[in-house]
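The structure file work_0.txt is reproduced below (compact mmCIF, C-alpha atoms (C1' of nucleotides)).
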```txt
# COMPACT_ATOMS: atom_id res chain seq x y z
CA MET A 1 58.58 -25.78 156.24
CA LYS A 2 61.64 -25.77 154.10
CA PRO A 3 63.12 -22.59 152.73
CA PRO A 4 62.20 -22.36 149.05
CA VAL A 5 65.57 -20.93 148.20
CA ALA A 6 68.94 -22.05 149.48
CA PRO A 7 70.86 -19.68 151.73
CA THR A 8 73.66 -17.95 149.92
CA ASP A 9 76.99 -19.56 150.60
CA ARG A 10 79.30 -17.15 152.35
CA ARG A 11 83.01 -17.70 152.84
CA LEU A 12 82.63 -21.32 151.80
CA ASP A 13 85.87 -21.03 149.85
CA ASN A 14 87.48 -19.93 153.04
CA GLY A 15 86.25 -22.79 155.22
CA GLY A 16 86.49 -21.13 158.59
CA ALA A 17 90.03 -19.88 158.01
CA PRO A 18 90.95 -16.36 159.11
CA LEU A 19 89.46 -13.54 157.11
CA PRO A 20 91.29 -12.89 153.87
CA SER A 21 91.15 -9.19 154.44
CA ALA A 22 93.04 -7.69 157.31
CA ALA A 23 89.90 -7.82 159.41
CA LEU A 24 89.17 -4.52 161.02
CA ALA A 25 88.64 -4.09 164.74
CA ASP A 26 86.15 -1.68 166.25
CA HIS A 27 88.85 0.79 167.22
CA ASP A 28 90.02 1.04 163.60
CA LEU A 29 86.67 2.47 162.65
CA PRO A 30 85.41 6.01 163.13
CA GLY A 31 82.22 6.34 165.14
CA ARG A 32 79.87 3.40 165.41
CA PRO A 33 81.51 -0.04 165.00
CA CYS A 34 79.59 -1.34 162.07
CA PRO A 35 80.00 -3.39 158.90
CA VAL A 36 79.27 -0.35 156.75
CA ALA A 37 82.18 1.55 158.27
CA ALA A 38 84.41 -1.51 157.92
CA THR A 39 83.43 -1.97 154.27
CA MET A 40 83.95 1.71 153.51
CA ALA A 41 87.40 1.50 155.07
CA LEU A 42 88.29 -1.21 152.56
CA ILE A 43 86.53 -0.13 149.37
CA GLY A 44 85.30 3.40 150.09
CA GLU A 45 88.23 5.38 148.77
CA LYS A 46 87.95 7.20 145.50
CA TRP A 47 88.45 5.02 142.40
CA SER A 48 88.27 1.71 144.32
CA MET A 49 84.79 0.76 143.13
CA LEU A 50 85.55 1.82 139.58
CA ALA A 51 88.69 -0.31 139.55
CA LEU A 52 86.64 -3.23 140.86
CA ARG A 53 84.00 -2.59 138.21
CA GLU A 54 86.64 -3.06 135.54
CA VAL A 55 87.92 -6.28 137.08
CA PHE A 56 84.33 -7.56 137.26
CA LEU A 57 84.03 -6.67 133.57
CA GLY A 58 87.08 -8.80 132.82
CA ASN A 59 89.74 -6.13 132.52
CA HIS A 60 92.69 -7.28 134.57
CA ARG A 61 95.57 -5.11 133.38
CA PHE A 62 96.74 -1.84 134.81
CA ASN A 63 96.58 0.14 131.60
CA ASP A 64 93.09 -1.06 130.77
CA ILE A 65 91.80 -0.24 134.22
CA ALA A 66 93.46 3.18 134.09
CA ARG A 67 91.97 4.02 130.70
CA ASN A 68 88.46 2.77 131.47
CA THR A 69 88.18 4.40 134.88
CA GLY A 70 90.01 7.63 134.08
CA ALA A 71 91.85 7.35 137.38
CA PRO A 72 95.27 9.00 137.77
CA ARG A 73 97.90 6.31 137.46
CA ASP A 74 99.48 6.90 140.84
CA ARG A 75 96.11 6.80 142.59
CA LEU A 76 95.18 3.64 140.76
CA ALA A 77 98.44 1.98 141.77
CA ALA A 78 97.77 2.90 145.40
CA ARG A 79 94.18 1.65 145.27
CA LEU A 80 95.10 -1.67 143.69
CA ARG A 81 97.68 -2.16 146.41
CA ALA A 82 95.12 -1.37 149.11
CA LEU A 83 92.58 -3.75 147.59
CA GLU A 84 95.23 -6.42 147.47
CA ALA A 85 96.11 -5.80 151.13
CA ALA A 86 92.40 -6.03 151.96
CA GLY A 87 92.23 -9.46 150.35
CA ILE A 88 89.82 -8.31 147.66
CA LEU A 89 92.18 -8.47 144.70
CA GLU A 90 95.17 -10.66 144.06
CA ARG A 91 98.07 -9.87 141.77
CA ARG A 92 99.21 -12.53 139.35
CA GLU A 93 102.54 -12.30 137.61
CA TYR A 94 101.88 -12.94 133.96
CA SER A 95 105.35 -12.00 132.85
CA THR A 96 108.73 -12.08 134.55
CA ALA A 97 111.42 -9.77 133.17
CA PRO A 98 109.92 -7.32 133.09
CA ALA A 99 107.62 -8.24 135.97
CA ARG A 100 104.03 -7.68 134.89
CA TYR A 101 101.03 -8.29 137.08
CA SER A 102 97.34 -8.65 136.41
CA TYR A 103 94.60 -8.18 138.97
CA HIS A 104 91.98 -10.76 139.82
CA LEU A 105 89.14 -11.11 142.30
CA THR A 106 89.65 -13.24 145.37
CA PRO A 107 86.64 -15.00 146.95
CA ALA A 108 86.09 -11.88 149.06
CA GLY A 109 86.21 -9.83 145.88
CA LYS A 110 83.76 -12.04 144.04
CA ALA A 111 81.48 -11.78 147.06
CA LEU A 112 81.16 -8.08 146.32
CA SER A 113 79.02 -8.87 143.28
CA PRO A 114 75.71 -8.27 145.15
CA VAL A 115 77.02 -4.85 146.18
CA MET A 116 78.02 -4.12 142.60
CA ARG A 117 74.64 -5.27 141.26
CA ALA A 118 72.76 -3.19 143.82
CA ILE A 119 74.79 -0.13 142.84
CA VAL A 120 74.27 -0.74 139.12
CA THR A 121 70.54 -1.11 139.68
CA TRP A 122 70.26 2.02 141.79
CA GLY A 123 72.46 4.06 139.48
CA ASN A 124 70.54 3.06 136.37
CA THR A 125 67.31 4.13 138.04
CA TRP A 126 68.27 7.22 140.00
CA ALA A 127 71.61 8.63 138.90
CA ILE A 128 71.62 8.73 135.10
CA GLU A 129 69.05 9.37 132.42
CA THR A 130 69.52 6.15 130.51
CA PRO A 131 70.78 2.77 131.73
CA ARG A 132 74.37 2.29 130.61
CA MET A 133 74.83 -1.22 131.90
CA GLY A 134 72.58 -4.21 132.40
CA TYR A 135 72.66 -7.87 133.35
CA LEU A 136 71.52 -10.90 131.43
CA HIS A 137 70.17 -13.77 133.48
CA HIS A 138 70.32 -16.87 131.27
CA ASP A 139 68.75 -15.37 128.14
CA HIS A 140 66.52 -12.69 129.64
CA GLU A 141 67.12 -9.39 131.32
CA LEU A 142 67.84 -9.67 135.03
CA GLU A 143 65.16 -8.14 137.22
CA LEU A 144 66.85 -8.01 140.58
CA THR A 145 64.91 -8.52 143.81
CA GLU A 146 65.84 -9.44 147.35
CA VAL A 147 64.42 -12.49 149.07
CA CYS A 148 64.81 -13.81 152.60
CA ALA A 149 66.22 -17.30 152.24
CA THR A 150 64.85 -18.36 155.62
CA CYS A 151 61.19 -17.88 154.73
CA GLY A 152 61.38 -17.41 150.96
CA GLU A 153 59.48 -14.17 151.04
CA GLN A 154 60.32 -11.25 148.83
CA LEU A 155 61.86 -8.47 150.86
CA ARG A 156 59.97 -5.32 151.67
CA SER A 157 61.73 -2.72 153.74
CA ARG A 158 58.73 -2.39 156.05
CA ASP A 159 59.03 -6.06 157.04
CA THR A 160 62.59 -5.61 158.21
CA SER A 161 64.23 -3.86 161.13
CA VAL A 162 67.83 -3.26 162.04
CA ARG A 163 69.50 -4.81 165.04
CA VAL A 164 72.62 -3.15 166.42
CA LEU A 165 74.95 -5.82 167.77
CA ALA A 166 77.92 -3.66 168.75
CA PRO A 167 78.40 -3.59 172.53
CA GLY A 168 77.85 -0.15 174.02
CA TRP A 169 75.76 1.04 171.09
CA ASP A 170 72.14 1.05 170.07
CA THR A 171 70.38 2.53 167.07
CA THR A 172 70.45 6.03 168.55
CA GLY A 173 74.15 6.04 169.42
CA PRO A 174 76.53 5.15 172.23
CA ILE A 175 74.79 3.97 175.39
CA GLU A 176 75.48 6.38 178.18
CA SER A 177 75.38 4.07 181.20
CA ALA A 178 78.78 2.51 181.97
CA ALA A 179 79.96 3.45 178.49
CA THR A 180 83.23 4.92 179.71
CA GLY A 181 84.77 3.73 182.93
CA MET B 182 54.88 -19.28 133.37
CA LYS B 183 54.28 -16.48 135.83
CA PRO B 184 57.05 -14.94 137.83
CA PRO B 185 56.79 -16.25 141.40
CA VAL B 186 57.88 -12.93 142.82
CA ALA B 187 56.75 -9.49 141.83
CA PRO B 188 59.25 -7.16 140.21
CA THR B 189 60.56 -4.55 142.59
CA ASP B 190 58.88 -1.21 142.10
CA ARG B 191 61.35 1.43 141.05
CA ARG B 192 60.67 5.13 140.99
CA LEU B 193 56.97 4.49 141.46
CA ASP B 194 56.82 7.44 143.82
CA ASN B 195 58.26 9.48 141.07
CA GLY B 196 55.83 8.44 138.36
CA GLY B 197 57.92 9.26 135.32
CA ALA B 198 58.85 12.71 136.54
CA PRO B 199 62.40 13.94 136.09
CA LEU B 200 65.03 12.29 138.24
CA PRO B 201 65.12 13.66 141.76
CA SER B 202 68.88 13.79 141.68
CA ALA B 203 70.61 16.13 139.31
CA ALA B 204 70.95 13.30 136.82
CA LEU B 205 74.48 12.93 135.60
CA ALA B 206 75.43 12.92 131.95
CA ASP B 207 78.15 10.77 130.47
CA HIS B 208 80.57 13.65 130.21
CA ASP B 209 80.28 14.32 133.94
CA LEU B 210 81.74 10.93 134.64
CA PRO B 211 85.38 9.88 134.51
CA GLY B 212 86.13 7.02 132.14
CA ARG B 213 83.39 4.62 131.17
CA PRO B 214 79.84 6.07 131.29
CA CYS B 215 78.28 3.70 133.75
CA PRO B 216 75.80 3.60 136.63
CA VAL B 217 78.58 2.68 139.05
CA ALA B 218 80.50 5.84 138.22
CA ALA B 219 77.31 7.89 138.44
CA THR B 220 76.43 6.40 141.81
CA MET B 221 79.93 6.94 143.15
CA ALA B 222 79.77 10.55 142.04
CA LEU B 223 76.69 10.99 144.25
CA ILE B 224 77.43 8.85 147.30
CA GLY B 225 81.08 7.87 146.91
CA GLU B 226 82.68 10.66 148.86
CA LYS B 227 84.10 10.02 152.27
CA TRP B 228 81.50 9.97 155.09
CA SER B 229 78.48 9.93 152.73
CA MET B 230 77.58 6.30 153.30
CA LEU B 231 78.12 6.61 157.03
CA ALA B 232 75.84 9.63 157.19
CA LEU B 233 73.23 7.67 155.22
CA ARG B 234 73.66 4.72 157.57
CA GLU B 235 72.69 6.95 160.47
CA VAL B 236 69.64 8.31 158.68
CA PHE B 237 68.59 4.75 157.86
CA LEU B 238 68.99 3.96 161.57
CA GLY B 239 66.63 6.80 162.40
CA ASN B 240 69.09 9.50 163.41
CA HIS B 241 68.04 12.65 161.63
CA ARG B 242 69.87 15.42 163.48
CA PHE B 243 73.23 16.90 162.67
CA ASN B 244 74.78 16.37 166.08
CA ASP B 245 73.67 12.74 166.27
CA ILE B 246 75.01 11.99 162.81
CA ALA B 247 78.28 13.72 163.64
CA ARG B 248 78.74 11.82 166.90
CA ASN B 249 77.80 8.40 165.51
CA THR B 250 79.87 8.65 162.36
CA GLY B 251 82.88 10.45 163.82
CA ALA B 252 82.91 12.73 160.79
CA PRO B 253 84.40 16.23 161.11
CA ARG B 254 81.57 18.70 161.36
CA ASP B 255 82.56 20.75 158.34
CA ARG B 256 82.87 17.65 156.16
CA LEU B 257 79.55 16.36 157.39
CA ALA B 258 77.86 19.67 156.59
CA ALA B 259 79.31 19.52 153.08
CA ARG B 260 78.24 15.91 152.56
CA LEU B 261 74.69 16.50 153.76
CA ARG B 262 74.44 19.39 151.37
CA ALA B 263 75.72 17.24 148.50
CA LEU B 264 73.29 14.44 149.31
CA GLU B 265 70.49 16.97 149.41
CA ALA B 266 71.55 18.35 146.03
CA ALA B 267 71.61 14.79 144.70
CA GLY B 268 68.02 14.28 145.78
CA ILE B 269 68.92 11.56 148.25
CA LEU B 270 68.24 13.49 151.44
CA GLU B 271 65.83 16.28 152.15
CA ARG B 272 66.14 18.86 154.90
CA ARG B 273 63.12 19.54 157.05
CA GLU B 274 62.89 22.58 159.23
CA TYR B 275 61.83 21.36 162.62
CA SER B 276 62.35 24.68 164.34
CA THR B 277 62.20 28.26 163.12
CA ALA B 278 64.09 30.84 165.15
CA PRO B 279 66.63 29.48 165.33
CA ALA B 280 66.29 27.59 162.07
CA ARG B 281 66.99 23.93 162.74
CA TYR B 282 66.90 21.24 160.11
CA SER B 283 66.70 17.46 160.22
CA TYR B 284 67.65 15.12 157.41
CA HIS B 285 65.34 12.54 155.90
CA LEU B 286 65.49 10.06 153.05
CA THR B 287 63.75 10.90 149.79
CA PRO B 288 62.38 8.07 147.62
CA ALA B 289 65.77 7.93 145.90
CA GLY B 290 67.39 7.70 149.31
CA LYS B 291 65.08 4.93 150.49
CA ALA B 292 65.86 3.10 147.28
CA LEU B 293 69.44 2.82 148.47
CA SER B 294 68.38 0.25 151.06
CA PRO B 295 69.40 -2.74 148.88
CA VAL B 296 72.85 -1.19 148.51
CA MET B 297 73.04 -0.67 152.26
CA ARG B 298 71.92 -4.22 152.97
CA ALA B 299 74.41 -5.67 150.50
CA ILE B 300 77.20 -3.69 152.14
CA VAL B 301 76.14 -4.72 155.65
CA THR B 302 76.05 -8.35 154.55
CA TRP B 303 79.45 -8.23 152.88
CA GLY B 304 81.03 -6.30 155.72
CA ASN B 305 79.74 -8.68 158.37
CA THR B 306 81.19 -11.59 156.46
CA TRP B 307 84.47 -10.26 155.10
CA ALA B 308 85.53 -7.06 156.80
CA ILE B 309 85.13 -7.56 160.56
CA GLU B 310 85.54 -10.46 162.95
CA THR B 311 82.06 -10.37 164.44
CA PRO B 312 78.83 -9.06 162.93
CA ARG B 313 78.01 -5.69 164.45
CA MET B 314 74.67 -5.18 162.75
CA GLY B 315 71.90 -7.46 161.55
CA TYR B 316 68.41 -7.38 160.13
CA LEU B 317 65.22 -8.90 161.43
CA HIS B 318 62.72 -10.06 158.83
CA HIS B 319 59.36 -10.36 160.59
CA ASP B 320 60.51 -12.27 163.67
CA HIS B 321 63.50 -14.16 162.27
CA GLU B 322 66.96 -13.19 161.16
CA LEU B 323 67.13 -12.00 157.58
CA GLU B 324 69.11 -14.28 155.29
CA LEU B 325 69.57 -12.13 152.23
CA THR B 326 69.59 -13.62 148.73
CA GLU B 327 69.10 -12.27 145.25
CA VAL B 328 66.39 -13.55 142.96
CA CYS B 329 65.52 -12.74 139.36
CA ALA B 330 61.94 -11.53 139.41
CA THR B 331 61.43 -12.46 135.77
CA CYS B 332 62.00 -16.19 136.23
CA GLY B 333 61.93 -16.51 140.00
CA GLU B 334 65.28 -18.24 140.12
CA GLN B 335 67.82 -17.60 142.81
CA LEU B 336 70.75 -15.69 141.42
CA ARG B 337 74.09 -17.32 140.81
CA SER B 338 76.82 -15.17 139.35
CA ARG B 339 77.63 -17.80 136.74
CA ASP B 340 74.11 -17.52 135.31
CA THR B 341 74.50 -13.82 134.69
CA SER B 342 76.53 -11.72 132.29
CA VAL B 343 77.02 -8.01 131.95
CA ARG B 344 75.78 -5.99 129.03
CA VAL B 345 77.44 -2.66 128.30
CA LEU B 346 74.85 -0.27 126.92
CA ALA B 347 76.94 2.89 126.65
CA PRO B 348 77.47 3.90 123.01
CA GLY B 349 81.11 3.68 121.96
CA TRP B 350 82.02 1.25 124.72
CA ASP B 351 82.08 -2.48 125.24
CA THR B 352 83.25 -4.56 128.16
CA THR B 353 86.89 -4.16 127.20
CA GLY B 354 86.82 -0.38 126.85
CA PRO B 355 86.19 2.32 124.27
CA ILE B 356 85.52 1.00 120.77
CA GLU B 357 88.23 2.17 118.42
CA SER B 358 86.36 2.37 115.13
CA ALA B 359 84.68 5.72 114.58
CA ALA B 360 85.08 6.53 118.26
CA THR B 361 86.46 10.00 117.62
CA GLY B 362 85.59 11.88 114.52
C1' DG C 363 121.74 -1.39 116.34
C1' DA C 364 118.88 2.69 116.43
C1' DG C 365 114.55 3.93 116.87
C1' DT C 366 109.87 3.15 118.33
C1' DG C 367 106.38 0.91 121.14
C1' DT C 368 104.41 -1.39 125.27
C1' DG C 369 103.37 -1.96 130.03
C1' DA C 370 103.41 -0.85 134.80
C1' DG C 371 104.23 1.87 137.37
C1' DT C 372 107.02 6.35 139.93
C1' DT C 373 108.17 11.20 140.36
C1' DT C 374 107.20 16.05 140.40
C1' DG C 375 104.99 20.19 141.61
C1' DA C 376 100.72 22.63 141.95
C1' DT C 377 96.17 22.17 143.61
C1' DT C 378 92.61 20.55 146.38
C1' DC C 379 90.74 18.32 150.12
C1' DC C 380 90.57 16.97 154.88
C1' DC C 381 91.01 17.26 159.90
C1' DC C 382 90.88 19.62 164.22
C1' DA C 383 89.73 23.09 167.17
C1' DA C 384 87.67 27.15 168.05
C1' DC C 385 84.11 30.29 167.00
C1' DT C 386 79.28 32.16 165.82
C1' DG C 387 74.46 33.12 166.42
C1' DA C 388 70.04 32.39 168.14
C1' DC C 389 67.67 30.76 171.41
C1' DA C 390 66.36 27.96 176.16
C1' DT C 391 67.30 27.08 180.89
C1' DG C 392 68.68 27.97 185.63
C1' DC D 393 73.39 36.97 183.62
C1' DA D 394 75.91 32.71 182.96
C1' DT D 395 75.65 28.38 180.92
C1' DG D 396 74.04 24.94 177.64
C1' DT D 397 72.20 23.37 173.12
C1' DC D 398 72.12 23.06 168.29
C1' DA D 399 73.70 23.54 163.63
C1' DG D 400 76.63 24.82 161.56
C1' DT D 401 81.11 28.15 159.82
C1' DT D 402 85.91 29.68 159.94
C1' DG D 403 90.99 29.30 160.06
C1' DG D 404 95.29 27.09 159.66
C1' DG D 405 98.23 23.20 158.88
C1' DG D 406 98.84 18.80 156.92
C1' DA D 407 97.62 15.10 153.79
C1' DA D 408 95.76 13.47 149.56
C1' DT D 409 94.90 14.31 144.74
C1' DC D 410 95.73 15.58 139.98
C1' DA D 411 98.00 15.88 135.35
C1' DA D 412 101.92 15.25 133.00
C1' DA D 413 106.35 13.75 132.43
C1' DC D 414 109.63 10.34 133.47
C1' DT D 415 111.72 5.54 134.36
C1' DC D 416 112.90 0.90 133.45
C1' DA D 417 112.97 -3.31 131.06
C1' DC D 418 112.00 -5.49 127.37
C1' DA D 419 109.97 -6.51 122.26
C1' DC D 420 109.55 -5.37 117.64
C1' DT D 421 110.88 -3.04 113.37
C1' DC D 422 113.72 -1.15 109.90
```

Would you give me this structure, written as C-alpha cells?
Amino acid sequence: MKPPVAPTDRRLDNGGAPLPSAALADHDLPGRPCPVAATMALIGEKWSMLALREVFLGNHRFNDIARNTGAPRDRLAARLRALEAAGILERREYSTAPARYSYHLTPAGKALSPVMRAIVTWGNTWAIETPRMGYLHHDHELELTEVCATCGEQLRSRDTSVRVLAPGWDTTGPIESAATG
Amino acid sequence: MKPPVAPTDRRLDNGGAPLPSAALADHDLPGRPCPVAATMALIGEKWSMLALREVFLGNHRFNDIARNTGAPRDRLAARLRALEAAGILERREYSTAPARYSYHLTPAGKALSPVMRAIVTWGNTWAIETPRMGYLHHDHELELTEVCATCGEQLRSRDTSVRVLAPGWDTTGPIESAATG
DNA sequence: GAGTGTGAGTTTGATTCCCCAACTGACATG
DNA sequence: CATGTCAGTTGGGGAATCAAACTCACACTC
C-alpha cells in the first residue's frame, strides 16, 4: 500500500549538513526540552513573525519591513540580526558604498511556510472579524487541511497522540526516578 | 470532480456566534492589518506557546505548567489570564475553599493544534539536533503534509500565492492613492 | 555646490516588562 | 501545632522596549 501523497521533503537543500541555525541544546531551553521551546527561542520574540511575514510577502528591505510591521527600528534591526544568526534569514548586499542589505529566506526560513499558513488560517478564523489575508492555490482559494503522508488519511486530532522523546521527561513532566543524581 | 478530502471544520462548535476571543480590529494591530499580527497579539507573548504546549500535553494545573515550562510564576499567571481573555483557555474551578482552578482548551484553543503541529515539525527539523517530541497517527508515526481540500492536491509553496484582503494595503504595503483623506 | 532626499541603521532617555525570591491565604495531613 | 500543598501575589532590581531624533554615506536637483 503506497502512500497516496509524497512525504514532504525536509532539509533536502541541506543534505545532511549541520543545521543552518545554531541548533539549540536541551540546556539552552527553559523547562521541557522540546521543539516548541526551541522554535520559540528562535522566532518567538516580539516582531520576529511579523518581519518574517513581510519577507514571505516579498518585502526584503529594512524600511519596507519597518513600515509594514510598525516595529521600532532598533528592535527590528535586532530581530533581523537574530533571525540571521538563527539561519532563517540571510542578508544580501545589494549596494556597496553605502552598504545596503536586503533580507531573504534561507531554506530553514522557507520551511516556516506551514507555520505561517497555519497561523494565517487560525487568525482569520478566530482572531479577527474578517479575513485580511488569503491564499490562492492554482486558481482557486486554498482550503488548508493536514494529511498524514504515511497513510494518506486526513488528520483528525483524535486519531493522533503525542510522544515525548526527551530523556527524563514524559507528558506529565520530569520523571522522578534517577532524574537527578 | 469531488474533493478527495473533506474541508476542515472551522468554528463549527461556535455556529456563527461571536468570536470567542475578543476579536481584534485593524486599529489594534501594529502595521499591516493581518491575521498573523492578530494571532501574535493573542499568543505571541513570551511563555504563551509553552503554556499552551503543556495544556495540549494534558497538564492543566498551574504548578505543573510552571514546572514544565520554567516560566516565572507571575508571568505565567499573567499569560494564563491573557489566554483566558482571548478565549483560548478556560478556567475550571476544581475545588472551592480554597478556590483552585485548572486550565483547559476552548474550541479556539483546540483549533491551534495545526499551529502547534507545524511548530513541532519545524522545530524538530531545524531548531534542535534530535527530535524531542513526535506524533503517533493511529499506530504509525505521523508524517505531516498539507493538502488543499478543494482540489485534493498536496501543497507546494510554488503553487500558492498570497492575497492581501485588507483595504488600503497590498503585498508591498499601504496603497498611496487616497490612503489618507 | 548647497540643499534635499533616501536608506539602514544607531543613539538617547523615559517607560515598561521581566525575573527571582519571598510571601500570602486557605486548607489538608501528620 | 507544625509542616506541606496549591495557586497565585508582592517587591525590588535589572533588562528590554518604545518613540523620536540623529548619523553616515551617497544620489539627485536646482

Residues within 12 Å of B:Arg248, only C-alpha atoms (C1' of nucleotides), excluding chain neighbours under 6 positions, as an MDAnalysis selection string: (chainID A and resid 30:32 169 172:174) or (chainID B and resid 231:232 235 240:242 254 257)

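The list of chain A residues within 10 Å of chain D is Lys46, Ala71, Pro72, Arg73, Asp74, Arg75, Ala97, Pro98 and Ala99 of chain A; this uses only C-alpha atoms (C1' of nucleotides).
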
Same residues, C-alpha atoms, saved as a short mmCIF file (atom, residue, chain, number, x, y, z; two decimals), in the frame of the given file:
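Saved to selection-v9.cif:
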```cif
data_model
loop_
_atom_site.label_atom_id
_atom_site.label_comp_id
_atom_site.auth_asym_id
_atom_site.auth_seq_id
_atom_site.Cartn_x
_atom_site.Cartn_y
_atom_site.Cartn_z
CA LYS A 46 87.95 7.20 145.50
CA ALA A 71 91.85 7.35 137.38
CA PRO A 72 95.27 9.00 137.77
CA ARG A 73 97.90 6.31 137.46
CA ASP A 74 99.48 6.90 140.84
CA ARG A 75 96.11 6.80 142.59
CA ALA A 97 111.42 -9.77 133.17
CA PRO A 98 109.92 -7.32 133.09
CA ALA A 99 107.62 -8.24 135.97
#
```

Nearest residue to chain C from the set A:Thr130, A:Ser95, A:Ser161, A:Thr150 (distances using only C-alpha atoms (C1' of nucleotides)):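 Looking only at the distances to chain C, the closest residue turns out to be A:Ser95.
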
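Counting from atom CA of B:Ala247, the distance to atom C1' of C:DC379 is 19.0 Å.
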
Quick one, how far is atom CA of B:Leu336 from atom CA of A:His137?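 Between atom CA of B:Leu336 and atom CA of A:His137 the gap is 8.2 Å.
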
Rounded to one decimal, what separation in Å do you get between atom CA of A:Leu83 and atom CA of B:Trp303? 14.8 Å

Find the nearest atom pair between each residue of chain C and chain A for residues within 8 Å, count all atoms listed in the file, give distances in Å to one decimal, sort rows by chain and ascending number, and present the table as JSON lines.
```
{"residue": "C:DG369", "atom": "C1'", "partner": "A:Asn63", "partner_atom": "CA", "distance": 7.3}
{"residue": "C:DA370", "atom": "C1'", "partner": "A:Phe62", "partner_atom": "CA", "distance": 6.7}
{"residue": "C:DG371", "atom": "C1'", "partner": "A:Ala77", "partner_atom": "CA", "distance": 7.3}
{"residue": "C:DT372", "atom": "C1'", "partner": "A:Asp74", "partner_atom": "CA", "distance": 7.6}
```

With the cut-off set at 6 Å and counting only C-alpha atoms, tabulate each residue of chain A with an atom at most that distance from an atom of chain B, showing the nearest atom pair and its distance in Å to one decimal, ordered by chain and increasing number, as a tab-separated table.
```
residue	atom	partner	partner_atom	distance
A:Ala23	CA	B:Ile309	CA	4.9
A:Leu24	CA	B:Ile309	CA	5.1
A:Pro30	CA	B:Gly251	CA	5.2
A:Gly31	CA	B:Thr250	CA	4.3
A:Arg32	CA	B:Asn249	CA	5.4
A:Cys34	CA	B:Arg313	CA	5.2
A:Pro35	CA	B:Gly304	CA	4.4
A:Val36	CA	B:Val301	CA	5.5
A:Ala38	CA	B:Ala308	CA	5.8
A:Thr39	CA	B:Gly304	CA	5.2
A:Leu57	CA	B:Thr352	CA	5.9
A:Asn68	CA	B:Gly212	CA	4.9
A:Thr69	CA	B:Gly212	CA	4.3
A:Gly70	CA	B:Gly212	CA	4.4
A:Val115	CA	B:Ala299	CA	5.1
A:Ala118	CA	B:Val296	CA	5.1
A:Val120	CA	B:Pro216	CA	5.2
A:Gly123	CA	B:Pro216	CA	4.4
A:Asn124	CA	B:Pro216	CA	5.3
A:Ala127	CA	B:Ala204	CA	5.2
A:Ile128	CA	B:Ala204	CA	4.9
A:Arg132	CA	B:Leu346	CA	4.5
A:Met133	CA	B:Val345	CA	4.7
A:Gly134	CA	B:Arg344	CA	5.0
A:Tyr135	CA	B:Val343	CA	4.6
A:Leu136	CA	B:Ser342	CA	5.1
A:His137	CA	B:Thr341	CA	4.5
A:His138	CA	B:Asp340	CA	5.6
A:Leu142	CA	B:Cys329	CA	5.8
A:Glu143	CA	B:Cys329	CA	5.1
A:Leu144	CA	B:Cys329	CA	5.1
A:Thr145	CA	B:Val328	CA	5.3
A:Glu146	CA	B:Glu327	CA	4.8
A:Val147	CA	B:Thr326	CA	5.3
A:Cys148	CA	B:Leu325	CA	5.1
A:Ala149	CA	B:Glu324	CA	5.2
A:Thr150	CA	B:Glu324	CA	5.9
A:Asp159	CA	B:His319	CA	5.6
A:Thr160	CA	B:His318	CA	4.5
A:Ser161	CA	B:Leu317	CA	5.1
A:Val162	CA	B:Tyr316	CA	4.6
A:Arg163	CA	B:Gly315	CA	5.0
A:Val164	CA	B:Met314	CA	4.7
A:Leu165	CA	B:Arg313	CA	4.5
A:Ala166	CA	B:Arg313	CA	4.8
A:Thr171	CA	B:Leu238	CA	5.9
A:Gly173	CA	B:Asn249	CA	5.8
```

Taking all atoms of stretch 153-169 of chain A that the file lists and extending 6 Å past them on each side, where is the centre of the axis-aligned box and how long are its edges? Answer in Å to one decimal, as AutoDock Vina command-line options.
```
--center_x 68.6 --center_y -6.6 --center_z 161.4 --size_x 31.7 --size_y 27.2 --size_z 37.2
```
